[in-house]
$ cat work.csv   # CSV, C-alpha atoms
chain,number,residue,atom,x,y,z
A,1,MET,CA,194.5,-110.7,83.0
A,2,SER,CA,191.2,-111.5,84.8
A,3,SER,CA,190.5,-115.2,85.6
A,4,ILE,CA,186.8,-114.6,85.0
A,5,PRO,CA,185.6,-115.7,81.5
A,6,HIS,CA,184.9,-112.8,79.2
A,7,TRP,CA,181.2,-114.0,78.9
A,8,HIS,CA,180.7,-114.2,82.6
A,9,ARG,CA,181.0,-110.6,83.6
A,10,THR,CA,178.2,-108.3,84.6
A,11,HIS,CA,176.7,-106.2,81.9
A,12,ILE,CA,174.0,-103.6,81.4
A,13,GLY,CA,171.3,-106.2,80.5
A,14,GLU,CA,169.2,-106.8,77.4
A,15,HIS,CA,166.4,-104.6,76.0
A,16,ARG,CA,162.9,-105.9,76.7
A,17,VAL,CA,161.5,-104.4,73.5
A,18,PRO,CA,162.8,-107.0,70.9
A,19,VAL,CA,161.5,-109.9,73.0
A,20,SER,CA,158.1,-108.1,73.4
A,21,ILE,CA,157.9,-107.6,69.6
A,22,VAL,CA,158.5,-111.4,69.0
A,23,VAL,CA,155.9,-112.3,71.6
A,24,LEU,CA,153.4,-110.0,69.9
A,25,PHE,CA,154.2,-111.8,66.6
A,26,VAL,CA,153.4,-115.1,68.1
A,27,ILE,CA,150.1,-113.8,69.5
A,28,VAL,CA,149.1,-112.6,66.0
A,29,LEU,CA,150.0,-116.0,64.5
A,30,GLN,CA,147.9,-117.8,67.1
A,31,LEU,CA,144.9,-115.4,66.5
A,32,THR,CA,145.1,-116.0,62.7
A,33,LEU,CA,145.1,-119.8,62.9
A,34,PRO,CA,141.9,-121.5,61.4
A,35,SER,CA,139.3,-122.6,64.0
A,36,GLU,CA,140.0,-126.2,63.2
A,37,LEU,CA,143.5,-125.9,64.6
A,38,SER,CA,142.9,-123.5,67.5
A,39,LEU,CA,141.3,-123.9,70.9
A,40,PRO,CA,137.7,-122.9,71.4
A,41,PHE,CA,138.9,-120.2,73.9
A,42,GLN,CA,141.9,-119.1,71.8
A,43,ASN,CA,140.9,-115.4,72.1
A,44,ILE,CA,140.9,-115.6,75.8
A,45,ILE,CA,144.4,-117.3,75.8
A,46,CYS,CA,145.8,-114.6,73.5
A,47,LEU,CA,144.3,-111.9,75.8
A,48,ILE,CA,146.0,-113.6,78.8
A,49,GLU,CA,149.3,-113.6,76.9
A,50,LEU,CA,148.9,-109.9,76.1
A,51,LEU,CA,148.1,-109.0,79.7
A,52,LEU,CA,151.2,-110.9,80.9
A,53,LEU,CA,153.3,-109.2,78.3
A,54,LEU,CA,152.0,-105.8,79.5
A,55,VAL,CA,152.9,-106.7,83.1
A,56,LEU,CA,156.5,-107.5,82.0
A,57,ALA,CA,156.7,-104.3,80.0
A,58,ILE,CA,155.6,-102.3,83.0
A,59,ALA,CA,157.9,-104.1,85.4
A,60,SER,CA,161.0,-103.8,83.2
A,61,PRO,CA,160.2,-101.4,80.3
A,62,LYS,CA,163.9,-100.9,79.2
A,63,ARG,CA,166.7,-103.2,80.2
A,64,ILE,CA,166.7,-106.4,82.1
A,65,HIS,CA,169.7,-105.8,84.2
A,66,LEU,CA,168.7,-107.4,87.5
A,67,HIS,CA,167.3,-110.8,88.5
A,68,HIS,CA,163.8,-110.2,89.9
A,69,SER,CA,162.1,-113.4,90.9
A,70,PRO,CA,158.4,-112.2,90.5
A,71,THR,CA,159.1,-110.7,87.1
A,72,ARG,CA,160.8,-113.9,85.9
A,73,ALA,CA,157.9,-115.9,87.3
A,74,VAL,CA,155.5,-113.9,85.1
A,75,GLY,CA,157.8,-114.5,82.1
A,76,LEU,CA,157.8,-118.2,82.7
A,77,VAL,CA,154.0,-118.3,83.0
A,78,LEU,CA,153.7,-116.4,79.7
A,79,VAL,CA,155.9,-118.9,77.9
A,80,SER,CA,154.0,-121.7,79.5
A,81,VAL,CA,150.7,-120.4,78.3
A,82,MET,CA,152.1,-119.9,74.8
A,83,THR,CA,153.5,-123.4,74.9
A,84,PHE,CA,150.1,-124.9,75.9
A,85,SER,CA,148.3,-123.1,73.1
A,86,ASN,CA,150.8,-124.0,70.4
A,87,THR,CA,151.1,-127.6,71.6
A,88,ALA,CA,147.3,-128.0,71.4
A,89,SER,CA,147.3,-126.6,67.9
A,90,ALA,CA,150.2,-128.9,66.9
A,91,ILE,CA,148.3,-131.9,68.2
A,92,LYS,CA,145.1,-130.9,66.4
A,93,LEU,CA,147.2,-130.4,63.2
A,94,ILE,CA,148.6,-133.9,63.5
A,95,ILE,CA,145.1,-135.4,64.0
A,96,GLU,CA,143.9,-133.5,61.0
A,97,LEU,CA,146.8,-134.8,58.9
A,98,VAL,CA,146.4,-138.4,60.1
A,99,THR,CA,142.6,-138.4,59.5
A,100,ALA,CA,143.1,-136.6,56.1
A,101,LYS,CA,140.5,-134.0,57.0
A,102,ILE,CA,142.4,-131.0,55.5
A,103,GLN,CA,142.0,-131.1,51.7
A,104,SER,CA,143.6,-127.7,50.9
A,105,ALA,CA,147.4,-127.8,50.4
A,106,GLU,CA,147.6,-124.1,50.7
A,107,LEU,CA,145.8,-124.1,54.1
A,108,LEU,CA,147.9,-127.0,55.3
A,109,LEU,CA,151.2,-125.3,54.4
A,110,VAL,CA,150.2,-121.9,55.8
A,111,SER,CA,148.9,-123.3,59.0
A,112,GLY,CA,151.7,-125.8,59.5
A,113,GLY,CA,154.2,-123.1,58.8
A,114,SER,CA,152.6,-120.8,61.3
A,115,ILE,CA,152.7,-123.5,64.0
A,116,TRP,CA,156.3,-124.3,63.1
A,117,LEU,CA,157.4,-120.6,63.4
A,118,THR,CA,155.5,-120.2,66.7
A,119,ASN,CA,157.3,-123.3,68.0
A,120,ILE,CA,160.7,-121.8,67.1
A,121,VAL,CA,159.9,-118.6,69.0
A,122,ILE,CA,158.5,-120.4,72.0
A,123,PHE,CA,161.6,-122.6,72.4
A,124,SER,CA,163.9,-119.6,71.9
A,125,LEU,CA,162.0,-118.0,74.8
A,126,TRP,CA,162.5,-121.1,77.0
A,127,TYR,CA,166.2,-121.2,76.2
A,128,TRP,CA,166.5,-117.5,76.9
A,129,GLU,CA,164.5,-117.7,80.2
A,130,LEU,CA,166.3,-120.8,81.5
A,131,ASP,CA,170.0,-120.5,80.5
A,132,ARG,CA,172.0,-119.6,83.6
A,133,GLY,CA,169.0,-118.5,85.5
A,134,GLY,CA,167.5,-116.1,82.9
A,135,PRO,CA,168.5,-112.7,81.4
A,136,GLY,CA,168.6,-110.9,84.8
A,137,ALA,CA,170.8,-113.5,86.4
A,138,ARG,CA,173.1,-113.5,83.3
A,139,ALA,CA,173.4,-109.7,83.6
A,140,GLU,CA,174.4,-110.1,87.2
A,141,ALA,CA,176.8,-113.0,86.3
A,142,ARG,CA,175.3,-115.1,89.0
A,143,ASP,CA,175.9,-118.6,87.6
A,144,LEU,CA,179.4,-119.5,86.4
A,145,HIS,CA,178.3,-122.8,84.7
A,146,PRO,CA,176.5,-122.2,81.4
A,147,ASP,CA,173.7,-124.4,80.1
A,148,PHE,CA,174.6,-123.7,76.5
A,149,ILE,CA,178.1,-122.9,75.1
A,150,PHE,CA,178.2,-120.5,72.1
A,151,PRO,CA,181.2,-120.3,69.8
A,152,GLN,CA,182.1,-116.9,71.3
A,153,MET,CA,182.3,-118.4,74.7
A,154,SER,CA,184.9,-121.0,73.8
A,155,ASP,CA,187.5,-118.5,72.6
A,156,PRO,CA,187.7,-114.8,73.5
A,157,ASN,CA,189.3,-114.1,70.1
A,158,TYR,CA,185.9,-114.8,68.5
A,159,ALA,CA,184.1,-112.0,70.3
A,160,PRO,CA,184.6,-108.5,71.8
A,161,ASP,CA,185.1,-107.9,75.5
A,162,HIS,CA,182.1,-108.5,77.7
A,163,TRP,CA,180.3,-110.4,75.0
A,164,HIS,CA,177.2,-112.2,76.2
A,165,PRO,CA,174.4,-114.0,74.4
A,166,ASN,CA,171.2,-112.0,73.9
A,167,PHE,CA,167.7,-113.1,72.8
A,168,PHE,CA,168.6,-113.1,69.1
A,169,ASP,CA,171.3,-115.7,69.8
A,170,TYR,CA,168.7,-118.0,71.4
A,171,LEU,CA,166.3,-117.4,68.5
A,172,TYR,CA,169.0,-118.3,66.0
A,173,MET,CA,169.8,-121.4,68.0
A,174,SER,CA,166.1,-122.4,68.1
A,175,PHE,CA,165.7,-121.9,64.3
A,176,THR,CA,168.8,-124.0,63.4
A,177,ASN,CA,167.7,-126.7,65.8
A,178,ALA,CA,164.2,-126.8,64.4
A,179,SER,CA,165.4,-126.9,60.8
A,180,ALA,CA,168.4,-129.2,61.2
A,181,PHE,CA,166.8,-131.4,63.8
A,182,SER,CA,170.0,-131.2,65.8
A,183,PRO,CA,172.4,-128.7,67.5
A,184,THR,CA,174.5,-126.8,65.0
A,185,ASP,CA,177.1,-124.3,66.4
A,186,VAL,CA,175.6,-124.0,70.0
A,187,LEU,CA,176.0,-127.1,72.2
A,188,PRO,CA,173.7,-128.0,75.2
A,189,LEU,CA,175.7,-128.8,78.3
A,190,THR,CA,173.1,-129.6,81.0
A,191,ARG,CA,170.5,-132.4,80.9
A,192,TRP,CA,167.5,-130.1,80.8
A,193,ALA,CA,169.0,-128.2,77.9
A,194,LYS,CA,169.6,-131.4,76.0
A,195,MET,CA,166.1,-132.6,76.7
A,196,LEU,CA,164.5,-129.3,75.6
A,197,MET,CA,166.4,-129.4,72.3
A,198,LEU,CA,165.5,-133.0,71.8
A,199,ILE,CA,161.8,-132.2,72.3
A,200,GLN,CA,162.0,-129.3,69.9
A,201,SER,CA,163.7,-131.4,67.2
A,202,LEU,CA,161.1,-134.2,67.6
A,203,THR,CA,158.1,-131.9,67.4
A,204,SER,CA,159.6,-130.0,64.5
A,205,LEU,CA,160.4,-133.2,62.6
A,206,MET,CA,156.9,-134.5,63.1
A,207,THR,CA,155.2,-131.2,62.1
A,208,VAL,CA,157.4,-130.6,59.0
A,209,GLY,CA,157.4,-134.2,57.9
A,210,LEU,CA,153.7,-134.8,58.2
A,211,VAL,CA,152.8,-131.4,56.6
A,212,ILE,CA,155.0,-131.9,53.6
A,213,ALA,CA,153.9,-135.5,53.1
A,214,ARG,CA,150.2,-134.6,53.3
A,215,ALA,CA,150.6,-131.5,51.1
A,216,VAL,CA,152.4,-133.6,48.4
A,217,ASN,CA,149.7,-136.2,48.6
A,218,ILE,CA,147.0,-133.6,48.1
A,219,LEU,CA,148.8,-131.9,45.2
A,220,ARG,CA,149.2,-135.3,43.4
$ encode --input "work.csv" --output "structure tokens"
Amino acid sequence: MSSIPHWHRTHIGEHRVPVSIVVLFVIVLQLTLPSELSLPFQNIICLIELLLLLVLAIASPKRIHLHHSPTRAVGLVLVSVMTFSNTASAIKLIIELVTAKIQSAELLLVSGGSIWLTNIVIFSLWYWELDRGGPGARAEARDLHPDFIFPQMSDPNYAPDHWHPNFFDYLYMSFTNASAFSPTDVLPLTRWAKMLMLIQSLTSLMTVGLVIARAVNILR
């Protein structure tokens, strides 16, 4: 029996395509936000995001099986730009809610839901990019100490040989953290992971709480 944990072995790497599709989904959501909630140069930001995504697709079009620092840097820049854009929209949404400028419950719910969904995807990308050094480093099994512990990692009987988390696992974790406002089945181990989940829970709670409260007030 190998002393190496079953989740800490080298593997063939994750496909780039599913992640690219999710990023494209976020870009569409950002483009369709009303002007009141988007930045004046939103189209330029979305174009930058699209170009960065294209660079990643060219650099690793199939599987992410190796840790490549320049490619990972581009990925982190992409997530940072997406975070900046969505944070600005979330702040503008909160200001609109507090000042009661939005009078349409439908617009409020659709826009708030769009920002909330974008927030889920962005945090899932942060988790995916940072956990154990990123997808390439995980494929090479570089770092023994995980930042997140999934149920399959705690007991090999819960998963097949060579199980490893992929992007969908981080997306699921992000969704449950945003909807439950706390970790569910995946536990953060490092301080940065705990802080990131705390920030996501806080922003999700503020967005959902204020949107629902304002929408109910308008409908009444």
$ residues_near_point --input "work.csv" --point "(177.8, -123.7, 78.8)" --cutoff "12 Å" --atoms "only C-alpha atoms" --output "list in words"
Pro5, Trp7, His8, Asp131, Arg132, Asp143, Leu144, His145, Pro146, Asp147, Phe148, Ile149, Phe150, Pro151, Gln152, Met153, Ser154, His164, Pro165, Val186, Leu187, Pro188, Leu189, Thr190, Arg191, Ala193 and Lys194 of chain A
$ residues_around --input "work.csv" --residues "region 65-72 of chain A" --least-positions-apart "2" --cutoff "8 Å" --atoms "only C-alpha atoms" --output "NGL selection string"
:A and (11-14 or 56 or 59 or 63 or 74-76 or 129 or 134-137 or 139-140)
$ residues_around --input "work.csv" --residues "Met173 (chain A)" --least-positions-apart "2" --cutoff "10 Å" --atoms "all atoms listed in the file" --output "PyMOL selection string"
chain A and resi 120+123-124+127+150+167-171+175-178+183-187+197
$ residues_around --input "work.csv" --residues "Leu39 (chain A)" --least-positions-apart "2" --cutoff "8 Å" --atoms "only C-alpha atoms" --output "list in words"
Ser35, Leu37, Phe41, Gln42, Ser85, Ala88 and Ser89 of chain A
$ atom_distance --input "work.csv" --atom1 "CA of Leu29 (chain A)" --atom2 "CA of Gly133 (chain A)"
28.4 Å
$ atom_distance --input "work.csv" --atom1 "CA of Ser114 (chain A)" --atom2 "CA of Leu198 (chain A)"
20.6 Å
$ closest_residue --input "work.csv" --among "A:Leu53, A:Ile64, A:Ile48, A:Ile58" --to "Val23 (chain A)" --atoms "only C-alpha atoms"
A:Leu53
$ residues_around --input "work.csv" --residues "Ala90 (chain A)" --least-positions-apart "3" --cutoff "9 Å" --atoms "all atoms listed in the file" --output "CSV table (one decimal) with C-alpha atoms, in the frame of the given file"
chain,number,residue,atom,x,y,z
A,37,LEU,CA,143.5,-125.9,64.6
A,85,SER,CA,148.3,-123.1,73.1
A,86,ASN,CA,150.8,-124.0,70.4
A,87,THR,CA,151.1,-127.6,71.6
A,93,LEU,CA,147.2,-130.4,63.2
A,94,ILE,CA,148.6,-133.9,63.5
A,95,ILE,CA,145.1,-135.4,64.0
A,112,GLY,CA,151.7,-125.8,59.5
A,115,ILE,CA,152.7,-123.5,64.0
A,116,TRP,CA,156.3,-124.3,63.1
A,203,THR,CA,158.1,-131.9,67.4
A,207,THR,CA,155.2,-131.2,62.1
$ atom_distance --input "work.csv" --atom1 "CA of Met82 (chain A)" --atom2 "CA of Pro61 (chain A)"
20.9 Å
$ closest_residue --input "work.csv" --among "A:Val79, A:Val17, A:Leu97, A:Leu33" --to "Lys62 (chain A)" --atoms "all atoms listed in the file"
A:Val17
$ closest_residue --input "work.csv" --among "A:Val98, A:Val81, A:Ile21, A:Leu50" --to "Met206 (chain A)" --atoms "only C-alpha atoms"
A:Val98
$ closest_residue --input "work.csv" --among "A:Ile122, A:Lys92, A:Leu51, A:Pro34" --to "Ser80 (chain A)" --atoms "all atoms listed in the file"
A:Ile122
$ closest_residue --input "work.csv" --among "A:Leu108, A:Leu54, A:Ala73, A:Cys46" --to "Leu130 (chain A)" --atoms "all atoms listed in the file"
A:Ala73
